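Enquirer: mmCIF, C-alpha atoms, saved as model-v3.cif, coming up:
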```cif
data_my_file
loop_
_atom_site.group_PDB
_atom_site.id
_atom_site.type_symbol
_atom_site.label_atom_id
_atom_site.label_comp_id
_atom_site.auth_asym_id
_atom_site.auth_seq_id
_atom_site.Cartn_x
_atom_site.Cartn_y
_atom_site.Cartn_z
ATOM 1 C CA MET A 24 0.000 0.000 0.000
ATOM 2 C CA ILE A 25 1.327 3.414 -0.984
ATOM 3 C CA SER A 26 0.228 5.058 2.268
ATOM 4 C CA GLU A 27 2.240 2.581 4.342
ATOM 5 C CA LEU A 28 5.393 3.548 2.464
ATOM 6 C CA CYS A 29 4.605 7.268 2.769
ATOM 7 C CA ASN A 30 4.002 7.042 6.502
ATOM 8 C CA LYS A 31 7.178 5.029 7.027
ATOM 9 C CA VAL A 32 9.314 7.595 5.177
ATOM 10 C CA PHE A 33 7.617 10.551 6.872
ATOM 11 C CA ILE A 34 8.177 9.135 10.356
ATOM 12 C CA LYS A 35 11.829 8.450 9.548
ATOM 13 C CA THR A 36 12.292 11.969 8.163
ATOM 14 C CA ILE A 37 10.790 13.652 11.208
ATOM 15 C CA TYR A 38 12.884 11.608 13.623
ATOM 16 C CA ASP A 39 16.003 12.212 11.532
ATOM 17 C CA TYR A 40 15.346 15.961 11.624
ATOM 18 C CA HIS A 41 14.919 15.978 15.392
ATOM 19 C CA LEU A 42 18.269 14.294 15.894
ATOM 20 C CA TYR A 43 19.676 17.729 15.029
ATOM 21 C CA ASN A 44 16.605 19.981 15.445
ATOM 22 C CA ASP A 45 18.268 22.620 13.296
ATOM 23 C CA ILE A 46 16.390 24.457 10.552
ATOM 24 C CA ASN A 47 19.682 25.132 8.768
ATOM 25 C CA PHE A 48 21.018 21.579 8.944
ATOM 26 C CA ARG A 49 22.208 20.234 5.585
ATOM 27 C CA TYR A 50 20.751 16.753 5.570
ATOM 28 C CA GLU A 51 21.660 13.790 3.413
ATOM 29 C CA ASN A 52 18.730 12.028 1.817
ATOM 30 C CA PRO A 53 19.218 8.297 2.550
ATOM 31 C CA TYR A 54 17.163 7.161 -0.432
ATOM 32 C CA GLU A 55 18.311 6.652 -4.010
ATOM 33 C CA VAL A 56 18.208 9.796 -6.154
ATOM 34 C CA GLY A 57 15.186 9.711 -8.447
ATOM 35 C CA SER A 58 13.252 7.255 -6.282
ATOM 36 C CA PHE A 59 9.768 7.876 -4.919
ATOM 37 C CA GLU A 60 11.141 7.557 -1.379
ATOM 38 C CA ASN A 61 13.715 10.250 -2.113
ATOM 39 C CA LEU A 62 10.937 12.637 -3.131
ATOM 40 C CA LEU A 63 8.937 11.821 0.011
ATOM 41 C CA TYR A 64 11.940 12.350 2.291
ATOM 42 C CA THR A 65 12.830 15.702 0.721
ATOM 43 C CA LYS A 66 9.197 16.810 0.866
ATOM 44 C CA CYS A 67 8.808 15.925 4.533
ATOM 45 C CA TRP A 68 12.142 17.512 5.474
ATOM 46 C CA ILE A 69 10.950 20.794 3.949
ATOM 47 C CA ASP A 70 7.667 20.476 5.869
ATOM 48 C CA THR A 71 9.488 19.751 9.127
ATOM 49 C CA ALA A 72 11.915 22.650 8.824
ATOM 50 C CA GLN A 73 9.037 24.948 7.896
ATOM 51 C CA TRP A 74 7.044 23.785 10.930
ATOM 52 C CA HIS A 75 9.833 25.163 13.102
ATOM 53 C CA MET A 76 10.086 28.367 11.053
ATOM 54 C CA GLU A 77 6.377 28.909 11.726
ATOM 55 C CA ASP A 78 7.067 28.481 15.455
ATOM 56 C CA GLU A 79 9.840 31.095 15.308
ATOM 57 C CA ILE A 80 7.735 33.734 13.581
ATOM 58 C CA ARG A 81 5.003 33.426 16.234
ATOM 59 C CA ASN A 82 7.309 34.505 19.043
ATOM 60 C CA PRO A 83 5.472 37.548 20.513
ATOM 61 C CA LEU A 84 8.828 39.169 21.356
ATOM 62 C CA ILE A 85 10.340 38.756 17.900
ATOM 63 C CA ASP A 86 12.053 41.736 16.316
ATOM 64 C CA PRO A 87 9.975 42.870 13.278
ATOM 65 C CA VAL A 88 13.049 42.829 11.030
ATOM 66 C CA ILE A 89 13.788 39.233 12.036
ATOM 67 C CA ALA A 90 10.111 38.336 11.562
ATOM 68 C CA LEU A 91 10.229 39.672 8.008
ATOM 69 C CA LYS A 92 13.281 37.524 7.280
ATOM 70 C CA TRP A 93 11.429 34.457 8.564
ATOM 71 C CA LYS A 94 8.343 35.374 6.504
ATOM 72 C CA ARG A 95 10.395 35.547 3.332
ATOM 73 C CA ARG A 96 12.095 32.292 4.164
ATOM 74 C CA ILE A 97 8.711 30.649 4.771
ATOM 75 C CA ASP A 98 7.503 31.939 1.383
ATOM 76 C CA SER A 99 10.551 30.369 -0.245
ATOM 77 C CA SER A 100 9.981 27.120 1.642
ATOM 78 C CA ASN A 101 6.340 27.075 0.527
ATOM 79 C CA GLN A 102 7.478 27.332 -3.068
ATOM 80 C CA GLU A 103 9.875 24.409 -2.572
ATOM 81 C CA ARG A 104 7.079 22.419 -0.967
ATOM 82 C CA THR A 105 4.733 23.098 -3.880
ATOM 83 C CA ASP A 106 7.434 22.153 -6.385
ATOM 84 C CA LEU A 107 7.981 18.836 -4.580
ATOM 85 C CA VAL A 108 4.260 18.073 -4.559
ATOM 86 C CA GLU A 109 4.225 18.629 -8.308
ATOM 87 C CA GLU A 110 7.201 16.299 -8.709
ATOM 88 C CA ILE A 111 5.316 13.631 -6.760
ATOM 89 C CA ASP A 112 2.287 14.102 -9.015
ATOM 90 C CA THR A 113 4.585 13.776 -12.026
ATOM 91 C CA TYR A 114 5.733 10.440 -10.570
ATOM 92 C CA PHE A 115 2.118 9.239 -10.331
ATOM 93 C CA LEU A 116 1.252 10.539 -13.807
ATOM 94 C CA ASP A 117 4.156 8.633 -15.288
ATOM 95 C CA LYS A 118 3.441 5.487 -13.278
ATOM 96 C CA TYR A 119 -0.161 5.272 -14.490
ATOM 97 C CA LYS A 120 0.217 6.826 -17.944
ATOM 98 C CA ASP A 121 -0.715 3.570 -19.679
ATOM 99 C CA VAL A 122 -3.948 3.078 -17.713
ATOM 100 C CA LYS A 123 -6.960 3.778 -19.929
ATOM 101 C CA PRO A 124 -9.734 5.355 -17.855
ATOM 102 C CA LEU A 125 -13.159 3.760 -18.116
ATOM 103 C CA ALA A 126 -15.937 5.739 -19.794
ATOM 104 C CA SER A 127 -17.492 6.101 -16.347
ATOM 105 C CA ALA A 128 -14.219 7.246 -14.701
ATOM 106 C CA ARG A 129 -14.475 10.184 -12.316
ATOM 107 C CA ILE A 130 -12.012 12.848 -11.308
ATOM 108 C CA ASN A 131 -10.966 13.277 -7.671
ATOM 109 C CA THR A 132 -11.169 16.538 -5.723
ATOM 110 C CA GLU A 133 -7.390 16.544 -5.301
ATOM 111 C CA SER A 134 -4.454 14.825 -6.923
ATOM 112 C CA PRO A 135 -2.689 11.945 -5.151
ATOM 113 C CA ALA A 136 0.323 14.133 -4.321
ATOM 114 C CA TRP A 137 -1.747 16.769 -2.530
ATOM 115 C CA ALA A 138 -3.306 14.002 -0.440
ATOM 116 C CA VAL A 139 0.221 12.750 0.310
ATOM 117 C CA ASP A 140 1.123 16.326 1.260
ATOM 118 C CA ARG A 141 -1.620 16.295 3.902
ATOM 119 C CA LEU A 142 -0.298 12.960 5.167
ATOM 120 C CA SER A 143 3.133 14.533 5.685
ATOM 121 C CA ILE A 144 1.644 17.412 7.677
ATOM 122 C CA LEU A 145 -0.392 14.947 9.743
ATOM 123 C CA ALA A 146 2.791 13.051 10.594
ATOM 124 C CA LEU A 147 4.232 16.302 11.955
ATOM 125 C CA LYS A 148 1.111 17.073 13.962
ATOM 126 C CA ILE A 149 1.193 13.596 15.475
ATOM 127 C CA TYR A 150 4.884 13.841 16.379
ATOM 128 C CA HIS A 151 4.527 17.204 18.067
ATOM 129 C CA MET A 152 1.192 16.466 19.760
ATOM 130 C CA HIS A 153 2.779 13.337 21.229
ATOM 131 C CA GLU A 154 5.638 15.479 22.555
ATOM 132 C CA GLU A 155 3.152 17.849 24.158
ATOM 133 C CA SER A 156 1.096 14.988 25.620
ATOM 134 C CA VAL A 157 4.059 13.805 27.705
ATOM 135 C CA ARG A 158 5.554 17.169 28.684
ATOM 136 C CA PRO A 159 6.507 16.930 32.384
ATOM 137 C CA SER A 160 5.653 20.548 33.240
ATOM 138 C CA VAL A 161 1.969 20.198 32.272
ATOM 139 C CA ASN A 162 -0.775 19.093 34.673
ATOM 140 C CA GLU A 163 -2.594 15.808 34.207
ATOM 141 C CA ALA A 164 -5.899 17.330 33.091
ATOM 142 C CA GLU A 165 -4.177 19.233 30.290
ATOM 143 C CA LEU A 166 -2.115 16.195 29.320
ATOM 144 C CA ASN A 167 -5.332 14.187 28.983
ATOM 145 C CA LYS A 168 -6.774 16.819 26.622
ATOM 146 C CA ARG A 169 -3.669 16.564 24.485
ATOM 147 C CA LYS A 170 -3.832 12.779 24.475
ATOM 148 C CA THR A 171 -7.424 13.036 23.229
ATOM 149 C CA LYS A 172 -6.261 15.329 20.423
ATOM 150 C CA LEU A 173 -3.474 12.897 19.620
ATOM 151 C CA GLY A 174 -6.005 10.093 19.318
ATOM 152 C CA ILE A 175 -8.018 12.162 16.836
ATOM 153 C CA LEU A 176 -4.909 12.881 14.770
ATOM 154 C CA LEU A 177 -4.020 9.188 14.702
ATOM 155 C CA GLN A 178 -7.531 8.364 13.497
ATOM 156 C CA GLN A 179 -7.218 11.058 10.820
ATOM 157 C CA ARG A 180 -4.009 9.416 9.605
ATOM 158 C CA THR A 181 -5.722 6.031 9.436
ATOM 159 C CA ASP A 182 -8.633 7.496 7.468
ATOM 160 C CA LEU A 183 -6.477 9.560 5.121
ATOM 161 C CA SER A 184 -4.154 6.615 4.502
ATOM 162 C CA LEU A 185 -7.133 4.467 3.523
ATOM 163 C CA ALA A 186 -8.500 7.197 1.249
ATOM 164 C CA ILE A 187 -5.138 7.552 -0.525
ATOM 165 C CA ASP A 188 -4.830 3.800 -1.039
ATOM 166 C CA GLU A 189 -8.382 3.644 -2.401
ATOM 167 C CA LEU A 190 -7.697 6.574 -4.747
ATOM 168 C CA ILE A 191 -4.574 4.899 -6.124
ATOM 169 C CA GLU A 192 -6.459 1.626 -6.523
ATOM 170 C CA ASP A 193 -9.247 3.422 -8.419
ATOM 171 C CA ILE A 194 -6.668 5.071 -10.709
ATOM 172 C CA GLN A 195 -5.010 1.686 -11.356
ATOM 173 C CA LYS A 196 -8.393 0.200 -12.302
ATOM 174 C CA GLY A 197 -9.333 3.164 -14.498
ATOM 175 C CA GLU A 198 -12.268 4.080 -12.248
ATOM 176 C CA LYS A 199 -10.742 7.496 -11.510
ATOM 177 C CA TYR A 200 -8.345 9.536 -13.566
ATOM 178 C CA MET A 201 -5.649 12.019 -12.702
ATOM 179 C CA LYS A 202 -5.788 15.585 -13.914
ATOM 180 C CA VAL A 203 -3.111 17.769 -12.407
ATOM 181 C CA TYR A 204 -3.387 21.541 -12.315
ATOM 182 C CA ARG A 205 -0.021 23.118 -11.580
ATOM 183 C CA GLN A 206 -0.244 25.582 -8.725
ATOM 184 C CA MET A 207 1.141 28.553 -10.644
ATOM 185 C CA LYS A 208 1.741 30.500 -7.456
ATOM 186 C CA MET A 209 1.869 34.189 -8.289
ATOM 187 C CA TYR A 210 3.224 35.829 -5.153
ATOM 188 C CA ASN A 211 6.775 34.529 -5.687
ATOM 189 C CA ASP A 212 6.856 35.281 -9.422
ATOM 190 C CA PRO A 213 8.497 38.628 -10.269
ATOM 191 C CA GLU A 214 6.517 38.682 -13.527
ATOM 192 C CA LEU A 215 3.098 38.067 -11.923
ATOM 193 C CA ASN A 216 3.180 39.835 -8.543
ATOM 194 C CA PRO A 217 2.473 43.568 -9.216
ATOM 195 C CA VAL A 218 4.429 44.646 -6.135
ATOM 196 C CA LEU A 219 7.499 42.829 -7.460
ATOM 197 C CA TYR A 220 7.329 43.926 -11.093
ATOM 198 C CA ASN A 221 6.442 47.509 -10.210
ATOM 199 C CA SER A 222 9.419 47.682 -7.840
ATOM 200 C CA LYS A 223 11.734 47.335 -10.847
ATOM 201 C CA LYS A 224 10.555 50.592 -12.371
#
```
Have the structure of the file written as structure tokens, please.
Expert:
Amino acid sequence: MISELCNKVFIKTIYDYHLYNDINFRYENPYEVGSFENLLYTKCWIDTAQWHMEDEIRNPLIDPVIALKWKRRIDSSNQERTDLVEEIDTYFLDKYKDVKPLASARINTESPAWAVDRLSILALKIYHMHEESVRPSVNEAELNKRKTKLGILLQQRTDLSLAIDELIEDIQKGEKYMKVYRQMKMYNDPELNPVLYNSKK
């Protein structure tokens, strides 16, 4: 099942990141270049580093100049994340390019890669909610609330994993077909963001 592989790689990535817990750490991807696992690992590493960037920018005492630097870095990270999702969709498109959709085939609300993207974020939520559910400085009542939230997140992962596997199975059988719309983000494009192209004048 594709979701089992995704979850395995995401968990490994998150634990690998937290061995160093450094946004700037230059990691080595342990998977073969060009492999699906390599894409998943890179994708999840970007997500994990960005999770911690988002924490930094929410510091109420942060210097506004530093906050702006983080914001721009987060924008750049978001672009990398989107690019990786599109690479993952390209992998799926190529893998199932010879499948002829049935006349009754339906399109899905999102592509497989964007569902995998949500699975990566869920893995991060689960990791960090688990950390918060065992934090020694928190009282038992609050810990129990966090454990309840953790249980919900775990159920979400189970449900999303099943939905992804069923989507892939439907694509393999021709019962659903892939149609990928590239994100075409405009805010990072100096030719499409009016603030950027007007600043050159």
Enquirer: Given only C-alpha atoms as the basis, pick out the residue of A:Pro217, A:Pro124, A:Pro159, A:Pro135 nearest to A:Gln195.
Expert: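 Looking at the shortest contact to A:Gln195, the residue is A:Pro124.
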Enquirer: Near stretch 47-61 of chain A, within 10 Å and counting all atoms listed in the file, which residues show up once chain neighbours fewer than 5 positions away are dropped, as a list in words?
Expert: Leu28, Cys29, Lys31, Val32, Phe33, Thr36, Asp39, Tyr40, Lys66, Trp68, Ala72, Glu110, Ile111, Tyr114 and Phe115 of chain A
Enquirer: Using all atoms listed in the file, determine which residues lie at most 8 Å from stretch 171-175 of chain A, disregarding the query and same-chain residues fewer than 3 positions distant; provide the list as a ChimeraX atom specification.
Expert: /A:149,152-153,156,167-168,178-179
Enquirer: At most 12 Å from (3.7, 14.6, -15.0), file frame, all atoms listed in the file: which residues, as a PDB file with C-alpha atoms, keeping the file's coordinate frame?
Expert:
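As written to disk, selection_3.pdb reads:
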```
ATOM      1  CA  VAL A 108       4.260  18.073  -4.559  1.00  0.00           C
ATOM      2  CA  GLU A 109       4.225  18.629  -8.308  1.00  0.00           C
ATOM      3  CA  GLU A 110       7.201  16.299  -8.709  1.00  0.00           C
ATOM      4  CA  ILE A 111       5.316  13.631  -6.760  1.00  0.00           C
ATOM      5  CA  ASP A 112       2.287  14.102  -9.015  1.00  0.00           C
ATOM      6  CA  THR A 113       4.585  13.776 -12.026  1.00  0.00           C
ATOM      7  CA  TYR A 114       5.733  10.440 -10.570  1.00  0.00           C
ATOM      8  CA  PHE A 115       2.118   9.239 -10.331  1.00  0.00           C
ATOM      9  CA  LEU A 116       1.252  10.539 -13.807  1.00  0.00           C
ATOM     10  CA  ASP A 117       4.156   8.633 -15.288  1.00  0.00           C
ATOM     11  CA  LYS A 118       3.441   5.487 -13.278  1.00  0.00           C
ATOM     12  CA  TYR A 119      -0.161   5.272 -14.490  1.00  0.00           C
ATOM     13  CA  LYS A 120       0.217   6.826 -17.944  1.00  0.00           C
ATOM     14  CA  SER A 134      -4.454  14.825  -6.923  1.00  0.00           C
ATOM     15  CA  ALA A 136       0.323  14.133  -4.321  1.00  0.00           C
ATOM     16  CA  MET A 201      -5.649  12.019 -12.702  1.00  0.00           C
ATOM     17  CA  LYS A 202      -5.788  15.585 -13.914  1.00  0.00           C
ATOM     18  CA  VAL A 203      -3.111  17.769 -12.407  1.00  0.00           C
ATOM     19  CA  TYR A 204      -3.387  21.541 -12.315  1.00  0.00           C
ATOM     20  CA  ARG A 205      -0.021  23.118 -11.580  1.00  0.00           C
TER      21      ARG A 205
END
```
Enquirer: Distance atom CA of A:Ile97-atom CA of A:Leu177, one decimal place?
Expert: 26.9 Å
Enquirer: Suppose you want the space between atom CA of A:Leu125 and atom CA of A:Thr181; what is it in Å?
Expert: 28.6 Å
Enquirer: Can you spell out as a ChimeraX atom specification the set of residues that the PyMOL selection byres ((chain A and resi 183) around 10) selects in the structure I just provided?
Expert: /A:26,138-139,141-142,145,177-182,184-189
Enquirer: Restricting the calculation to all atoms listed in the file, which member of A:Ile80, A:Leu62, A:Cys67, A:Val122 is positioned closest to A:Glu192?
Expert: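 Among the listed residues, A:Val122 lies closest to A:Glu192.
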Enquirer: When distances are computed from only C-alpha atoms, which of A:Val218, A:Arg96, A:Val157, A:Asn211 shows the smallest separation from A:Glu79?
Expert: A:Arg96
Enquirer: Find the distance between atom CA of A:Thr105 and atom CA of A:Tyr38 and write it in Å to one decimal.
Expert: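 The value is 22.5 Å.
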Enquirer: Rank A:Arg81, A:Lys123, A:His75, A:His151 by their smallest atom-to-atom distance to A:Asp45, using all atoms listed in the file, and report the top residue only.
Expert: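 Selected residue with least distance to A:Asp45: A:His75.
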Enquirer: Closest to A:Ala126 among A:Asn221, A:Lys35, A:Lys199, A:Ala90, using only C-alpha atoms?
Expert: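 Of A:Asn221, A:Lys35, A:Lys199, A:Ala90, the one nearest A:Ala126, counting only C-alpha atoms, is A:Lys199.
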Enquirer: Could you put an axis-aligned box around every listed atom of stretch 29-43 of chain A, padded by 5 Å on each side, and send me its centre and edge lengths in Å to one decimal, as JSON?
Expert:
```
{"center_x": 11.8, "center_y": 11.4, "center_z": 9.3, "size_x": 25.7, "size_y": 22.7, "size_z": 23.1}
```
